[in-house]
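Trainee: Below is entry_28.cif; it holds mmCIF, C-alpha atoms, pLDDT in the B column; chains and numbers go by the auth columns.
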```
data_structure
loop_
_atom_site.group_PDB
_atom_site.id
_atom_site.type_symbol
_atom_site.label_atom_id
_atom_site.label_comp_id
_atom_site.label_asym_id
_atom_site.label_seq_id
_atom_site.Cartn_x
_atom_site.Cartn_y
_atom_site.Cartn_z
_atom_site.B_iso_or_equiv
_atom_site.auth_seq_id
_atom_site.auth_asym_id
ATOM 1 C CA MET A 1 95.968 66.105 204.103 58.00 1 A
ATOM 2 C CA ASN A 2 98.571 66.227 201.342 75.00 2 A
ATOM 3 C CA GLN A 3 101.328 66.345 203.915 74.00 3 A
ATOM 4 C CA GLU A 4 99.863 63.320 205.706 78.00 4 A
ATOM 5 C CA ASN A 5 99.734 61.441 202.426 83.00 5 A
ATOM 6 C CA SER A 6 103.336 62.276 201.652 83.00 6 A
ATOM 7 C CA TYR A 7 104.326 61.058 205.152 87.00 7 A
ATOM 8 C CA LEU A 8 102.490 57.800 204.506 90.00 8 A
ATOM 9 C CA VAL A 9 104.244 57.351 201.184 89.00 9 A
ATOM 10 C CA MET A 10 107.605 58.064 202.829 90.00 10 A
ATOM 11 C CA GLU A 11 106.884 55.638 205.666 93.00 11 A
ATOM 12 C CA ASN A 12 105.915 52.891 203.232 92.00 12 A
ATOM 13 C CA SER A 13 109.095 53.484 201.289 91.00 13 A
ATOM 14 C CA LEU A 14 111.155 53.299 204.479 93.00 14 A
ATOM 15 C CA LEU A 15 109.430 50.091 205.563 91.00 15 A
ATOM 16 C CA ASN A 16 110.039 48.512 202.169 89.00 16 A
ATOM 17 C CA ASN A 17 113.639 49.580 201.798 89.00 17 A
ATOM 18 C CA LEU A 18 115.122 49.361 205.273 90.00 18 A
ATOM 19 C CA ARG A 19 115.487 45.721 206.143 87.00 19 A
ATOM 20 C CA PRO A 20 117.644 44.163 208.827 89.00 20 A
ATOM 21 C CA VAL A 21 120.883 42.771 207.456 90.00 21 A
ATOM 22 C CA GLN A 22 122.484 39.576 208.605 90.00 22 A
ATOM 23 C CA PRO A 23 125.970 39.851 210.062 93.00 23 A
ATOM 24 C CA ARG A 24 128.458 37.214 208.983 94.00 24 A
ATOM 25 C CA PRO A 25 128.058 34.104 211.175 94.00 25 A
ATOM 26 C CA ASP A 26 131.837 33.793 211.460 94.00 26 A
ATOM 27 C CA PHE A 27 132.097 37.333 212.749 95.00 27 A
ATOM 28 C CA ILE A 28 129.453 36.658 215.433 95.00 28 A
ATOM 29 C CA LYS A 29 131.108 33.435 216.489 94.00 29 A
ATOM 30 C CA ASN A 30 134.649 34.819 216.596 94.00 30 A
ATOM 31 C CA LEU A 31 133.672 37.965 218.446 94.00 31 A
ATOM 32 C CA GLY A 32 131.850 35.868 221.019 93.00 32 A
ATOM 33 C CA LYS A 33 134.963 33.773 221.561 92.00 33 A
ATOM 34 C CA ARG A 34 137.159 36.855 221.851 91.00 34 A
ATOM 35 C CA LEU A 35 134.862 38.500 224.362 88.00 35 A
ATOM 36 C CA LEU A 36 134.259 35.561 226.601 85.00 36 A
ATOM 37 C CA GLY A 37 137.825 34.351 226.437 77.00 37 A
ATOM 38 C CA SER A 38 139.189 37.736 227.393 54.00 38 A
ATOM 39 C CA ASN A 39 138.670 37.025 231.088 52.00 39 A
ATOM 40 C CA ASN A 40 141.645 34.693 231.010 51.00 40 A
ATOM 41 C CA ILE A 41 144.089 37.435 231.814 52.00 41 A
ATOM 42 C CA TYR A 42 146.803 36.484 234.251 52.00 42 A
ATOM 43 C CA LEU A 43 148.356 39.204 236.327 56.00 43 A
ATOM 44 C CA GLU A 44 151.897 38.766 237.542 62.00 44 A
ATOM 45 C CA ASP A 45 152.236 38.191 241.228 63.00 45 A
ATOM 46 C CA ARG A 46 154.195 41.118 242.452 69.00 46 A
ATOM 47 C CA ASN A 47 157.003 40.243 244.830 72.00 47 A
ATOM 48 C CA HIS A 48 157.016 43.213 247.170 83.00 48 A
ATOM 49 C CA GLY A 49 159.780 41.739 249.345 88.00 49 A
ATOM 50 C CA PHE A 50 162.157 41.545 246.405 88.00 50 A
ATOM 51 C CA ALA A 51 161.327 45.120 245.377 90.00 51 A
ATOM 52 C CA PHE A 52 162.056 46.302 248.917 91.00 52 A
ATOM 53 C CA VAL A 53 165.425 44.565 248.976 93.00 53 A
ATOM 54 C CA LEU A 54 166.357 45.933 245.561 93.00 54 A
ATOM 55 C CA ILE A 55 165.461 49.522 246.471 94.00 55 A
ATOM 56 C CA SER A 56 167.269 49.246 249.811 95.00 56 A
ATOM 57 C CA LEU A 57 170.349 47.881 248.081 95.00 57 A
ATOM 58 C CA GLY A 58 170.230 50.715 245.588 96.00 58 A
ATOM 59 C CA LEU A 59 169.976 53.301 248.334 96.00 59 A
ATOM 60 C CA PHE A 60 172.836 51.637 250.223 95.00 60 A
ATOM 61 C CA VAL A 61 175.102 51.564 247.166 96.00 61 A
ATOM 62 C CA GLY A 62 174.238 55.185 246.468 96.00 62 A
ATOM 63 C CA ALA A 63 175.015 56.249 250.024 96.00 63 A
ATOM 64 C CA LEU A 64 178.269 54.280 249.906 95.00 64 A
ATOM 65 C CA LEU A 65 179.354 55.984 246.709 95.00 65 A
ATOM 66 C CA VAL A 66 178.595 59.427 248.165 95.00 66 A
ATOM 67 C CA TRP A 67 180.611 58.572 251.300 94.00 67 A
ATOM 68 C CA LEU A 68 183.561 57.306 249.236 94.00 68 A
ATOM 69 C CA PHE A 69 183.454 60.382 247.049 93.00 69 A
ATOM 70 C CA ARG A 70 183.498 62.721 250.046 93.00 70 A
ATOM 71 C CA LYS A 71 186.284 60.772 251.736 90.00 71 A
ATOM 72 C CA HIS A 72 188.606 60.757 248.755 86.00 72 A
ATOM 73 C CA GLY A 73 187.296 63.830 246.973 69.00 73 A
ATOM 74 C CA MET B 1 108.776 43.003 229.335 56.00 74 B
ATOM 75 C CA SER B 2 109.738 39.394 230.039 61.00 75 B
ATOM 76 C CA GLU B 3 112.919 39.912 228.027 64.00 76 B
ATOM 77 C CA GLN B 4 113.726 42.913 230.183 65.00 77 B
ATOM 78 C CA LEU B 5 113.273 40.807 233.328 63.00 78 B
ATOM 79 C CA ASP B 6 115.535 38.135 231.890 82.00 79 B
ATOM 80 C CA ASP B 7 118.090 40.812 231.090 87.00 80 B
ATOM 81 C CA ILE B 8 118.091 42.009 234.681 87.00 81 B
ATOM 82 C CA GLN B 9 119.076 38.572 235.950 89.00 82 B
ATOM 83 C CA LEU B 10 121.667 38.077 233.238 91.00 83 B
ATOM 84 C CA ILE B 11 123.194 41.492 233.856 90.00 84 B
ATOM 85 C CA ASP B 12 123.387 40.752 237.548 88.00 85 B
ATOM 86 C CA ASP B 13 125.111 37.431 236.887 90.00 86 B
ATOM 87 C CA ALA B 14 127.432 38.969 234.277 90.00 87 B
ATOM 88 C CA GLY B 15 128.392 41.689 236.731 88.00 88 B
ATOM 89 C CA ASN B 16 129.390 38.966 239.169 87.00 89 B
ATOM 90 C CA GLY B 17 131.720 37.447 236.630 87.00 90 B
ATOM 91 C CA ASP B 18 129.432 34.943 234.934 89.00 91 B
ATOM 92 C CA ASN B 19 130.723 34.962 231.379 89.00 92 B
ATOM 93 C CA GLU B 20 127.970 32.683 230.156 90.00 93 B
ATOM 94 C CA ALA B 21 125.401 35.252 231.250 92.00 94 B
ATOM 95 C CA PHE B 22 127.186 37.942 229.271 93.00 95 B
ATOM 96 C CA GLY B 23 127.374 35.538 226.361 93.00 96 B
ATOM 97 C CA LEU B 24 123.575 35.240 226.369 93.00 97 B
ATOM 98 C CA LEU B 25 123.198 39.019 226.413 94.00 98 B
ATOM 99 C CA TYR B 26 125.670 39.236 223.565 95.00 99 B
ATOM 100 C CA GLU B 27 123.725 36.725 221.459 94.00 100 B
ATOM 101 C CA ARG B 28 120.513 38.564 222.163 94.00 101 B
ATOM 102 C CA TYR B 29 121.715 41.990 221.044 96.00 102 B
ATOM 103 C CA VAL B 30 124.648 41.606 218.682 96.00 103 B
ATOM 104 C CA GLY B 31 122.427 41.491 215.584 96.00 104 B
ATOM 105 C CA LYS B 32 120.534 44.623 216.559 95.00 105 B
ATOM 106 C CA ILE B 33 123.662 46.600 217.345 97.00 106 B
ATOM 107 C CA TYR B 34 125.336 45.414 214.162 96.00 107 B
ATOM 108 C CA ASN B 35 122.308 46.538 212.131 95.00 108 B
ATOM 109 C CA TYR B 36 122.302 49.947 213.717 96.00 109 B
ATOM 110 C CA ILE B 37 125.990 50.497 213.078 96.00 110 B
ATOM 111 C CA TYR B 38 125.853 49.059 209.575 94.00 111 B
ATOM 112 C CA TYR B 39 123.130 51.458 208.535 93.00 112 B
ATOM 113 C CA ARG B 40 124.955 54.366 210.162 93.00 113 B
ATOM 114 C CA THR B 41 128.324 53.643 208.553 92.00 114 B
ATOM 115 C CA GLY B 42 127.308 51.848 205.345 88.00 115 B
ATOM 116 C CA ASN B 43 130.380 49.678 205.570 89.00 116 B
ATOM 117 C CA ILE B 44 130.566 46.026 206.596 93.00 117 B
ATOM 118 C CA ASN B 45 134.125 46.159 207.928 94.00 118 B
ATOM 119 C CA GLU B 46 133.457 49.233 210.032 94.00 119 B
ATOM 120 C CA ALA B 47 130.175 47.764 211.264 96.00 120 B
ATOM 121 C CA GLU B 48 132.017 44.651 212.468 96.00 121 B
ATOM 122 C CA ASP B 49 134.829 46.647 214.022 96.00 122 B
ATOM 123 C CA LEU B 50 132.526 49.037 215.854 97.00 123 B
ATOM 124 C CA THR B 51 130.154 46.276 216.936 97.00 124 B
ATOM 125 C CA ALA B 52 133.110 44.510 218.497 97.00 125 B
ATOM 126 C CA LYS B 53 134.052 47.717 220.316 97.00 126 B
ATOM 127 C CA VAL B 54 130.514 48.158 221.637 97.00 127 B
ATOM 128 C CA PHE B 55 130.509 44.751 223.248 96.00 128 B
ATOM 129 C CA GLN B 56 134.068 45.014 224.484 95.00 129 B
ATOM 130 C CA ARG B 57 133.144 48.257 226.204 95.00 130 B
ATOM 131 C CA ALA B 58 129.933 46.762 227.574 94.00 131 B
ATOM 132 C CA PHE B 59 131.861 43.766 228.879 92.00 132 B
ATOM 133 C CA ARG B 60 134.441 45.971 230.604 91.00 133 B
ATOM 134 C CA HIS B 61 131.825 48.196 232.241 90.00 134 B
ATOM 135 C CA ILE B 62 129.071 45.670 232.977 89.00 135 B
ATOM 136 C CA GLU B 63 129.718 45.921 236.702 84.00 136 B
ATOM 137 C CA SER B 64 129.128 49.649 236.676 81.00 137 B
ATOM 138 C CA TYR B 65 125.963 49.439 234.552 84.00 138 B
ATOM 139 C CA ASN B 66 123.120 50.663 236.645 73.00 139 B
ATOM 140 C CA GLN B 67 119.583 49.912 235.622 67.00 140 B
ATOM 141 C CA ARG B 68 117.987 53.255 236.424 64.00 141 B
ATOM 142 C CA GLY B 69 114.956 52.544 234.269 70.00 142 B
ATOM 143 C CA VAL B 70 117.196 52.336 231.232 82.00 143 B
ATOM 144 C CA PRO B 71 117.033 48.945 229.547 89.00 144 B
ATOM 145 C CA PHE B 72 120.273 47.187 228.733 92.00 145 B
ATOM 146 C CA SER B 73 119.540 47.498 225.011 93.00 146 B
ATOM 147 C CA ALA B 74 119.249 51.280 225.367 94.00 147 B
ATOM 148 C CA TRP B 75 122.656 51.345 227.037 94.00 148 B
ATOM 149 C CA LEU B 76 124.165 49.341 224.172 96.00 149 B
ATOM 150 C CA TYR B 77 122.587 51.619 221.559 96.00 150 B
ATOM 151 C CA ARG B 78 123.990 54.667 223.320 95.00 151 B
ATOM 152 C CA ILE B 79 127.462 53.159 223.310 95.00 152 B
ATOM 153 C CA ALA B 80 127.032 52.348 219.620 97.00 153 B
ATOM 154 C CA HIS B 81 125.841 55.862 218.838 96.00 154 B
ATOM 155 C CA ASN B 82 128.835 57.406 220.599 96.00 155 B
ATOM 156 C CA LEU B 83 131.310 55.117 218.865 97.00 156 B
ATOM 157 C CA VAL B 84 129.785 55.908 215.470 96.00 157 B
ATOM 158 C CA ALA B 85 130.000 59.627 216.266 95.00 158 B
ATOM 159 C CA ASN B 86 133.696 59.191 217.143 95.00 159 B
ATOM 160 C CA TRP B 87 134.222 57.235 213.943 94.00 160 B
ATOM 161 C CA TYR B 88 132.750 60.051 211.833 92.00 161 B
ATOM 162 C CA ARG B 89 134.851 62.604 213.675 92.00 162 B
ATOM 163 C CA ASP B 90 138.063 60.628 213.154 90.00 163 B
ATOM 164 C CA ARG B 91 137.157 59.953 209.556 85.00 164 B
ATOM 165 C CA SER B 92 136.589 63.600 208.779 83.00 165 B
ATOM 166 C CA ARG B 93 139.999 64.418 210.283 79.00 166 B
ATOM 167 C CA LYS B 94 141.764 61.800 208.200 74.00 167 B
ATOM 168 C CA LYS B 95 139.705 62.691 205.108 62.00 168 B
ATOM 169 C CA GLU B 96 139.670 59.057 204.105 56.00 169 B
ATOM 170 C CA VAL B 97 137.075 57.625 201.837 55.00 170 B
ATOM 171 C CA ALA B 98 136.617 53.889 202.093 52.00 171 B
ATOM 172 C CA LEU B 99 136.682 52.130 198.760 50.00 172 B
ATOM 173 C CA ASP B 100 133.521 50.265 199.723 47.00 173 B
ATOM 174 C CA ASP B 101 131.621 53.531 199.795 49.00 174 B
ATOM 175 C CA GLN B 102 132.403 54.083 196.152 41.00 175 B
ATOM 176 C CA LEU B 103 131.151 50.714 195.009 40.00 176 B
ATOM 177 C CA PRO B 104 127.497 50.456 194.080 38.00 177 B
ATOM 178 C CA SER B 105 127.301 47.077 195.751 39.00 178 B
ATOM 179 C CA SER B 106 128.342 48.322 199.178 41.00 179 B
ATOM 180 C CA PHE B 107 124.933 47.609 200.602 45.00 180 B
ATOM 181 C CA HIS B 108 123.539 44.126 200.588 45.00 181 B
ATOM 182 C CA PHE B 109 119.966 43.357 201.385 42.00 182 B
ATOM 183 C CA ASP B 110 117.766 40.322 201.665 40.00 183 B
ATOM 184 C CA PHE B 111 116.286 41.099 198.301 39.00 184 B
ATOM 185 C CA PRO B 112 116.283 38.709 195.380 40.00 185 B
ATOM 186 C CA GLU B 113 119.101 39.535 192.962 42.00 186 B
ATOM 187 C CA SER B 114 116.588 40.131 190.177 41.00 187 B
ATOM 188 C CA SER B 115 115.012 43.137 191.902 48.00 188 B
ATOM 189 C CA LEU B 116 117.626 45.621 190.768 53.00 189 B
ATOM 190 C CA GLU B 117 115.097 48.452 190.735 56.00 190 B
ATOM 191 C CA LYS B 118 114.282 47.876 194.377 57.00 191 B
ATOM 192 C CA SER B 119 117.970 47.840 195.221 78.00 192 B
ATOM 193 C CA GLU B 120 118.497 51.186 193.482 81.00 193 B
ATOM 194 C CA GLU B 121 115.578 52.654 195.389 83.00 194 B
ATOM 195 C CA SER B 122 117.064 51.332 198.616 84.00 195 B
ATOM 196 C CA GLU B 123 120.436 52.838 197.875 84.00 196 B
ATOM 197 C CA LYS B 124 118.826 56.188 197.163 88.00 197 B
ATOM 198 C CA MET B 125 116.885 56.005 200.404 90.00 198 B
ATOM 199 C CA ILE B 126 119.980 55.109 202.414 89.00 199 B
ATOM 200 C CA LYS B 127 122.016 57.819 200.721 89.00 200 B
ATOM 201 C CA ALA B 128 119.348 60.330 201.719 93.00 201 B
ATOM 202 C CA ILE B 129 119.252 59.028 205.297 93.00 202 B
ATOM 203 C CA ARG B 130 123.011 59.351 205.634 90.00 203 B
ATOM 204 C CA ARG B 131 122.773 63.017 204.687 92.00 204 B
ATOM 205 C CA LEU B 132 120.613 63.697 207.715 95.00 205 B
ATOM 206 C CA PRO B 133 122.046 64.907 211.038 95.00 206 B
ATOM 207 C CA PRO B 134 123.166 61.995 213.282 94.00 207 B
ATOM 208 C CA GLU B 135 120.206 62.310 215.618 95.00 208 B
ATOM 209 C CA ARG B 136 117.708 61.973 212.783 96.00 209 B
ATOM 210 C CA GLN B 137 119.596 59.059 211.261 96.00 210 B
ATOM 211 C CA GLN B 138 119.452 57.370 214.621 96.00 211 B
ATOM 212 C CA LEU B 139 115.704 57.870 214.846 97.00 212 B
ATOM 213 C CA ILE B 140 115.014 56.489 211.369 97.00 213 B
ATOM 214 C CA ILE B 141 117.183 53.424 211.879 96.00 214 B
ATOM 215 C CA LEU B 142 115.795 52.631 215.326 96.00 215 B
ATOM 216 C CA LYS B 143 112.248 52.997 214.066 96.00 216 B
ATOM 217 C CA PHE B 144 112.399 51.227 210.724 95.00 217 B
ATOM 218 C CA VAL B 145 115.304 48.815 210.927 94.00 218 B
ATOM 219 C CA GLU B 146 115.046 47.884 214.595 94.00 219 B
ATOM 220 C CA GLY B 147 111.259 48.338 214.774 94.00 220 B
ATOM 221 C CA LEU B 148 111.317 50.175 218.094 95.00 221 B
ATOM 222 C CA SER B 149 108.428 52.180 219.477 95.00 222 B
ATOM 223 C CA ASN B 150 108.631 55.922 220.113 96.00 223 B
ATOM 224 C CA SER B 151 108.750 55.162 223.810 94.00 224 B
ATOM 225 C CA ASP B 152 111.742 52.812 223.459 94.00 225 B
ATOM 226 C CA ILE B 153 113.471 55.257 221.141 96.00 226 B
ATOM 227 C CA GLY B 154 112.907 57.988 223.699 96.00 227 B
ATOM 228 C CA LEU B 155 114.730 55.936 226.341 93.00 228 B
ATOM 229 C CA ILE B 156 117.701 55.503 224.050 95.00 229 B
ATOM 230 C CA MET B 157 117.832 59.110 222.903 95.00 230 B
ATOM 231 C CA ARG B 158 117.004 60.564 226.318 94.00 231 B
ATOM 232 C CA LYS B 159 113.923 62.331 225.022 95.00 232 B
ATOM 233 C CA SER B 160 110.231 62.182 225.865 96.00 233 B
ATOM 234 C CA GLU B 161 107.862 60.278 223.633 96.00 234 B
ATOM 235 C CA GLY B 162 106.339 63.571 222.526 96.00 235 B
ATOM 236 C CA ALA B 163 109.733 64.936 221.567 97.00 236 B
ATOM 237 C CA ILE B 164 110.415 61.812 219.515 97.00 237 B
ATOM 238 C CA LYS B 165 107.111 62.202 217.651 96.00 238 B
ATOM 239 C CA SER B 166 107.915 65.790 216.874 96.00 239 B
ATOM 240 C CA LEU B 167 111.454 64.921 215.783 97.00 240 B
ATOM 241 C CA TYR B 168 110.062 62.125 213.639 96.00 241 B
ATOM 242 C CA HIS B 169 107.855 64.450 211.613 94.00 242 B
ATOM 243 C CA ARG B 170 110.699 66.888 211.086 95.00 243 B
ATOM 244 C CA THR B 171 112.901 63.977 210.065 96.00 244 B
ATOM 245 C CA LEU B 172 110.425 62.755 207.454 95.00 245 B
ATOM 246 C CA GLU B 173 110.266 66.249 206.012 93.00 246 B
ATOM 247 C CA SER B 174 114.060 66.507 205.895 95.00 247 B
ATOM 248 C CA LEU B 175 114.280 63.077 204.308 94.00 248 B
ATOM 249 C CA ARG B 176 111.770 64.040 201.634 92.00 249 B
ATOM 250 C CA LYS B 177 113.890 67.078 200.768 93.00 250 B
ATOM 251 C CA GLU B 178 117.099 65.035 200.616 93.00 251 B
ATOM 252 C CA ILE B 179 115.472 62.528 198.280 91.00 252 B
ATOM 253 C CA GLU B 180 114.334 65.397 196.053 90.00 253 B
ATOM 254 C CA LYS B 181 117.891 66.709 195.917 91.00 254 B
ATOM 255 C CA ILE B 182 119.188 63.281 194.920 89.00 255 B
ATOM 256 C CA ASP B 183 116.529 62.928 192.234 85.00 256 B
ATOM 257 C CA GLN B 184 117.204 66.367 190.794 83.00 257 B
ATOM 258 C CA PRO B 185 120.846 67.169 191.467 69.00 258 B
ATOM 259 C CA ASN B 186 121.154 69.681 188.675 61.00 259 B
ATOM 260 C CA LYS B 187 117.981 71.577 189.370 56.00 260 B
ATOM 261 C CA PRO B 188 118.815 75.260 189.121 56.00 261 B
ATOM 262 C CA ASN B 189 117.832 77.544 191.977 52.00 262 B
ATOM 263 C CA LYS B 190 115.107 79.883 190.902 49.00 263 B
ATOM 264 C CA LYS B 191 115.876 83.459 191.879 48.00 264 B
ATOM 265 C CA LEU B 192 113.342 86.179 191.506 46.00 265 B
#
```
Can I see the file as structure tokens?

Mentor:
Amino acid sequence: MNQENSYLVMENSLLNNLRPVQPRPDFIKNLGKRLLGSNNIYLEDRNHGFAFVLISLGLFVGALLVWLFRKHG
Amino acid sequence: MSEQLDDIQLIDDAGNGDNEAFGLLYERYVGKIYNYIYYRTGNINEAEDLTAKVFQRAFRHIESYNQRGVPFSAWLYRIAHNLVANWYRDRSRKKEVALDDQLPSSFHFDFPESSLEKSEESEKMIKAIRRLPPERQQLIILKFVEGLSNSDIGLIMRKSEGAIKSLYHRTLESLRKEIEKIDQPNKPNKKL
């Protein structure tokens, strides 16, 4: 019974001393804006054609250099 | 129950890209999550920072959230619990001590300024709670700050209602001992 009483006392103390706290209104408002505005992310449109041309050109220049090197080397 | 049903519709809409729906969920739960984190960390700045991270993570993963009998609030609390655990781990590595923690006025409550005695009692209680293992802190805060039932707490902590009851009694006992230690810090150990 003593243990039950001490639990009751503890529970009352917890109920009296643990109260919800209020977050800052500015914090709530700003976080809301940040969260809901974060969908406005714009991805670059990748130009695959240009990438293909660039890589092909690079390979061509590389092959040309190797050929020139072998011819004159 | 009706709030849970509302949540289901909002989650569905949010998962389909409806930001307004997520905004409503955010407004519904931001205070609760903030409270939980504030009581776990004892620091306003960290509470705000971690609360922001909880909702950013929830927003990013809302599409993958699956309601397998776990309420949305339980999911948010779990995210919060994990982030707080990470925060403690990182903090112990850096061995930083926030200045706020050293100031007696680091906790603010809705008490009248004149009730200094009550504030001191509150600080002692919170100090004792923060000495408990994380799981027991979680239980105390969910029960007394958030006012959740054992059943709801069980959903969050992935335990049965019976296990929560048992943990609760052990937690009260541990808390009593911590409060005793705070009250009598210089009590010598009696050795026979």

Trainee: Within 8 Å of chain B, which residues of chain A are there when counting only C-alpha atoms? Please give them as a PDB file with C-alpha atoms, in the coordinates of the input.

Mentor:
```pdb
ATOM      1  CA  TYR A   7     104.326  61.058 205.152  1.00 87.00           C
ATOM      2  CA  MET A  10     107.605  58.064 202.829  1.00 90.00           C
ATOM      3  CA  LEU A  14     111.155  53.299 204.479  1.00 93.00           C
ATOM      4  CA  LEU A  15     109.430  50.091 205.563  1.00 91.00           C
ATOM      5  CA  ASN A  17     113.639  49.580 201.798  1.00 89.00           C
ATOM      6  CA  LEU A  18     115.122  49.361 205.273  1.00 90.00           C
ATOM      7  CA  ARG A  19     115.487  45.721 206.143  1.00 87.00           C
ATOM      8  CA  PRO A  20     117.644  44.163 208.827  1.00 89.00           C
ATOM      9  CA  VAL A  21     120.883  42.771 207.456  1.00 90.00           C
ATOM     10  CA  GLN A  22     122.484  39.576 208.605  1.00 90.00           C
ATOM     11  CA  PRO A  23     125.970  39.851 210.062  1.00 93.00           C
ATOM     12  CA  PHE A  27     132.097  37.333 212.749  1.00 95.00           C
ATOM     13  CA  ILE A  28     129.453  36.658 215.433  1.00 95.00           C
ATOM     14  CA  LEU A  31     133.672  37.965 218.446  1.00 94.00           C
ATOM     15  CA  GLY A  32     131.850  35.868 221.019  1.00 93.00           C
ATOM     16  CA  LEU A  35     134.862  38.500 224.362  1.00 88.00           C
ATOM     17  CA  LEU A  36     134.259  35.561 226.601  1.00 85.00           C
TER      18      LEU A  36
END
```

Trainee: What does the structure give for the distance between CA of Leu83 (chain B) and CA of Ile229 (chain B), in Å to one decimal?

Mentor: 20.1 Å

Trainee: What's the separation between CA of Glu208 (chain B) and CA of Arg24 (chain A), in Å to one decimal place?

Mentor: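 For CA of Glu208 (chain B) relative to CA of Arg24 (chain A), the distance reads 27.2 Å.
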
Trainee: Quick one, how far is CA of Ile135 (chain B) from CA of Asp26 (chain A)?

Mentor: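 If I compute the distance from CA of Ile135 (chain B) to CA of Asp26 (chain A), I get 24.7 Å.
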
Trainee: Give me the residues within 8 Å of Ile226 (chain B) as a list in words, counting only C-alpha atoms and dropping any in the same chain fewer than 4 places off.

Mentor: Leu212, Leu215, Lys216, Leu221, Ser222, Met230, Glu234 and Ile237 of chain B

Trainee: Check what the PyMOL selection byres ((chain B and resi 147-150) around 7) selects in the file above and give those residues as a list of chain:residue names.

Mentor: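 On the file shown, the PyMOL selection byres ((chain B and resi 147-150) around 7) covers B:Ile106, B:Val127, B:Val143, B:Pro144, B:Phe145, B:Ser146, B:Arg151, B:Ile152, B:Ala153, B:His154, B:Leu228, B:Ile229.
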
Trainee: Can you pull out the residues contacting Gly88 (chain B)? Cut-off 6 Å, using all atoms listed in the file, and skip same-chain residues under 3 positions away; I want them as a PyMOL selection string.

Mentor: chain B and resi 84-85+135-136

Trainee: Region 57-68 of chain A from the block above, C-alpha atoms, as a compact mmCIF listing (two decimals), in the first residue's frame, please?

Mentor:
```txt
# COMPACT_ATOMS: atom_id res chain seq x y z
CA LEU A 57 33.55 14.81 -80.34
CA GLY A 58 35.81 13.98 -77.43
CA LEU A 59 36.23 10.41 -78.59
CA PHE A 60 36.92 11.60 -82.14
CA VAL A 61 39.55 14.11 -81.02
CA GLY A 62 41.14 11.44 -78.85
CA ALA A 63 41.24 8.93 -81.69
CA LEU A 64 42.68 11.60 -84.00
CA LEU A 65 45.45 12.42 -81.56
CA VAL A 66 46.35 8.74 -81.17
CA TRP A 67 46.46 8.34 -84.97
CA LEU A 68 48.65 11.44 -85.38
```
